[in-house]
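Single-structure report; data block below.
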Amino acid sequence: MQPTISIPSDWDYPRFIFGQRTQQGIVIGLEYKPAGTQLAHEYGNSWRYTVLPDKHSDEVRHYSDDQLQTLSVAEIQAQLQAEIDEHQQQIKALQQQLAVIGGSNDG
């Protein structure tokens with residue numbers, strides 16, 4: 001069974017999901033400001049997203065629905081291919097280290 005997150009029926013559904021890639025980075029958190037609260041009064045009744053702009057940093061940024069921008073399919077494919085290429089380089093380096101110490105280099 002897949003874990004699920006239940007959202008109350010009187011809340012709007014978020015526009016972005018955990019792990020979604022955006023022009024600003026990867027969504028790693030969601031926060032809702034329900035109507036009738038001080039947060040909603042100050043910032044509006046909507047979702048706020050925590051985004052990791054760089055996976056090699058501990059810096060996060062916060063955006064509202066209208067501040068985040070989606071990526072095109074081509075942009076997502078380019079990002080994923082870049083990550084695959086990076087991981088393949090890491091695998092090659094580890095295989096070389098293994099070969100140096102006399103281990104197997106079988107893939």
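Every chain in the structure tokens has a letter given in the order shown (A, B, ...), and although residue numbers restart at 1 in each chain, ligands are simply numbered from 1 in the order shown.
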
Counting only C-alpha atoms, which residues of stretch 4-45 of chain A sit at most 12 Å from some atom of stretch 71-78 of chain A, and what is each one's closest atom pair with its distance in Å to one decimal, listed by chain and rising residue number, as CSV?
residue,atom,partner,partner_atom,distance
A:Phe16,CA,A:Leu71,CA,11.6
A:Gln20,CA,A:Leu71,CA,9.5
A:Arg21,CA,A:Leu71,CA,7.0
A:Thr22,CA,A:Leu71,CA,5.4
A:Gln23,CA,A:Leu71,CA,5.8
A:Gln24,CA,A:Leu71,CA,9.4
A:Gly25,CA,A:Leu71,CA,9.9
A:Ile26,CA,A:Leu71,CA,10.8

- Message: DSSP on the backbone: which residues in chain A end up as strand (DSSP E)? Give the answer as a list in words.
- Response: Arg21, Thr22, Gly25, Ile26, Val27, Ile28, Gly29, Leu30, Glu31, Tyr32, Trp47, Arg48, Tyr49, Thr50, Val51, Leu52, Arg61, His62, Tyr63 and Ser64 of chain A

If you keep N, CA, C and O atoms, can you produce a file of those selected residues as a PDB file, in the first residue's frame?
ATOM      1  N   ARG A  21      10.035  19.092  -9.783  1.00  0.00           N
ATOM      2  CA  ARG A  21      11.064  20.023 -10.235  1.00  0.00           C
ATOM      3  C   ARG A  21      10.390  21.273 -10.789  1.00  0.00           C
ATOM      4  O   ARG A  21       9.447  21.175 -11.571  1.00  0.00           O
ATOM      5  N   THR A  22      10.871  22.421 -10.348  1.00  0.00           N
ATOM      6  CA  THR A  22      10.363  23.703 -10.831  1.00  0.00           C
ATOM      7  C   THR A  22      11.558  24.535 -11.284  1.00  0.00           C
ATOM      8  O   THR A  22      12.715  24.141 -11.072  1.00  0.00           O
ATOM      9  N   GLY A  25      13.686  25.178  -8.288  1.00  0.00           N
ATOM     10  CA  GLY A  25      14.320  24.053  -7.605  1.00  0.00           C
ATOM     11  C   GLY A  25      13.322  22.933  -7.373  1.00  0.00           C
ATOM     12  O   GLY A  25      12.253  22.893  -7.978  1.00  0.00           O
ATOM     13  N   ILE A  26      13.657  22.032  -6.453  1.00  0.00           N
ATOM     14  CA  ILE A  26      12.817  20.867  -6.161  1.00  0.00           C
ATOM     15  C   ILE A  26      11.974  21.142  -4.916  1.00  0.00           C
ATOM     16  O   ILE A  26      12.498  21.570  -3.880  1.00  0.00           O
ATOM     17  N   VAL A  27      10.670  20.865  -5.023  1.00  0.00           N
ATOM     18  CA  VAL A  27       9.755  21.070  -3.905  1.00  0.00           C
ATOM     19  C   VAL A  27      10.023  20.001  -2.844  1.00  0.00           C
ATOM     20  O   VAL A  27       9.954  18.805  -3.129  1.00  0.00           O
ATOM     21  N   ILE A  28      10.378  20.445  -1.632  1.00  0.00           N
ATOM     22  CA  ILE A  28      10.645  19.490  -0.547  1.00  0.00           C
ATOM     23  C   ILE A  28       9.695  19.666   0.637  1.00  0.00           C
ATOM     24  O   ILE A  28       9.754  18.912   1.602  1.00  0.00           O
ATOM     25  N   GLY A  29       8.824  20.676   0.562  1.00  0.00           N
ATOM     26  CA  GLY A  29       7.891  20.879   1.652  1.00  0.00           C
ATOM     27  C   GLY A  29       6.668  21.657   1.204  1.00  0.00           C
ATOM     28  O   GLY A  29       6.716  22.420   0.245  1.00  0.00           O
ATOM     29  N   LEU A  30       5.567  21.412   1.907  1.00  0.00           N
ATOM     30  CA  LEU A  30       4.309  22.103   1.641  1.00  0.00           C
ATOM     31  C   LEU A  30       3.744  22.611   2.961  1.00  0.00           C
ATOM     32  O   LEU A  30       3.815  21.919   3.980  1.00  0.00           O
ATOM     33  N   GLU A  31       3.175  23.810   2.909  1.00  0.00           N
ATOM     34  CA  GLU A  31       2.531  24.379   4.088  1.00  0.00           C
ATOM     35  C   GLU A  31       1.264  25.070   3.616  1.00  0.00           C
ATOM     36  O   GLU A  31       1.263  25.770   2.606  1.00  0.00           O
ATOM     37  N   TYR A  32       0.179  24.850   4.343  1.00  0.00           N
ATOM     38  CA  TYR A  32      -1.083  25.491   3.969  1.00  0.00           C
ATOM     39  C   TYR A  32      -1.442  26.550   4.993  1.00  0.00           C
ATOM     40  O   TYR A  32      -1.264  26.343   6.198  1.00  0.00           O
ATOM     41  N   TRP A  47      -1.291  27.749  -0.523  1.00  0.00           N
ATOM     42  CA  TRP A  47      -0.166  26.885  -0.209  1.00  0.00           C
ATOM     43  C   TRP A  47       1.127  27.685  -0.278  1.00  0.00           C
ATOM     44  O   TRP A  47       1.264  28.621  -1.053  1.00  0.00           O
ATOM     45  N   ARG A  48       2.078  27.277   0.539  1.00  0.00           N
ATOM     46  CA  ARG A  48       3.435  27.825   0.516  1.00  0.00           C
ATOM     47  C   ARG A  48       4.360  26.623   0.369  1.00  0.00           C
ATOM     48  O   ARG A  48       4.170  25.602   1.018  1.00  0.00           O
ATOM     49  N   TYR A  49       5.355  26.743  -0.505  1.00  0.00           N
ATOM     50  CA  TYR A  49       6.230  25.621  -0.840  1.00  0.00           C
ATOM     51  C   TYR A  49       7.647  25.889  -0.366  1.00  0.00           C
ATOM     52  O   TYR A  49       8.161  26.990  -0.523  1.00  0.00           O
ATOM     53  N   THR A  50       8.258  24.870   0.207  1.00  0.00           N
ATOM     54  CA  THR A  50       9.673  24.930   0.547  1.00  0.00           C
ATOM     55  C   THR A  50      10.417  24.275  -0.600  1.00  0.00           C
ATOM     56  O   THR A  50      10.106  23.146  -0.990  1.00  0.00           O
ATOM     57  N   VAL A  51      11.399  24.997  -1.150  1.00  0.00           N
ATOM     58  CA  VAL A  51      12.099  24.550  -2.345  1.00  0.00           C
ATOM     59  C   VAL A  51      13.599  24.491  -2.068  1.00  0.00           C
ATOM     60  O   VAL A  51      14.165  25.395  -1.452  1.00  0.00           O
ATOM     61  N   LEU A  52      14.219  23.417  -2.531  1.00  0.00           N
ATOM     62  CA  LEU A  52      15.659  23.240  -2.458  1.00  0.00           C
ATOM     63  C   LEU A  52      16.228  23.659  -3.817  1.00  0.00           C
ATOM     64  O   LEU A  52      16.096  22.929  -4.796  1.00  0.00           O
ATOM     65  N   ARG A  61      14.339  27.817   0.115  1.00  0.00           N
ATOM     66  CA  ARG A  61      13.593  29.050  -0.127  1.00  0.00           C
ATOM     67  C   ARG A  61      12.108  28.728  -0.077  1.00  0.00           C
ATOM     68  O   ARG A  61      11.708  27.580  -0.267  1.00  0.00           O
ATOM     69  N   HIS A  62      11.305  29.754   0.150  1.00  0.00           N
ATOM     70  CA  HIS A  62       9.858  29.565   0.279  1.00  0.00           C
ATOM     71  C   HIS A  62       9.144  30.390  -0.789  1.00  0.00           C
ATOM     72  O   HIS A  62       9.498  31.535  -1.042  1.00  0.00           O
ATOM     73  N   TYR A  63       8.144  29.752  -1.412  1.00  0.00           N
ATOM     74  CA  TYR A  63       7.398  30.384  -2.487  1.00  0.00           C
ATOM     75  C   TYR A  63       5.911  30.114  -2.327  1.00  0.00           C
ATOM     76  O   TYR A  63       5.522  29.057  -1.843  1.00  0.00           O
ATOM     77  N   SER A  64       5.099  31.033  -2.801  1.00  0.00           N
ATOM     78  CA  SER A  64       3.656  30.797  -2.879  1.00  0.00           C
ATOM     79  C   SER A  64       3.338  30.220  -4.255  1.00  0.00           C
ATOM     80  O   SER A  64       4.203  30.181  -5.137  1.00  0.00           O
TER      81      SER A  64
END

- Task: Could you tell me how far atom CA of A:Asp54 lies from atom CA of A:Leu80, in Å and to one decimal?
- Result: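 Atom CA of A:Leu80 lies at a distance of 14.1 Å from atom CA of A:Asp54.
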
- Please give the complete set of residues from chain A that DSSP, run on the backbone, assigns to helix (DSSP H, G or I), formatted as a ChimeraX atom specification. /A:38-43,65-67,73-100

- Item | Between atom CA of A:Asp85 and atom CA of A:Phe18 - distance in Å to one decimal |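 Distance between the two atoms: 23.6 Å.
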
- Would you mind reading off the distance between atom CA of A:Ala93 and atom CA of A:Asp58, one decimal, in Å?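 Answer for the atom CA of A:Ala93 to atom CA of A:Asp58 separation: 25.6 Å.
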
- Message: Given only C-alpha atoms as the basis, pick out the residue of A:Lys92, A:Gln81, A:Asp65, A:His41 nearest to A:Tyr13.
- Response: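 Comparing A:Lys92, A:Gln81, A:Asp65, A:His41 against A:Tyr13, the winner is A:Asp65.
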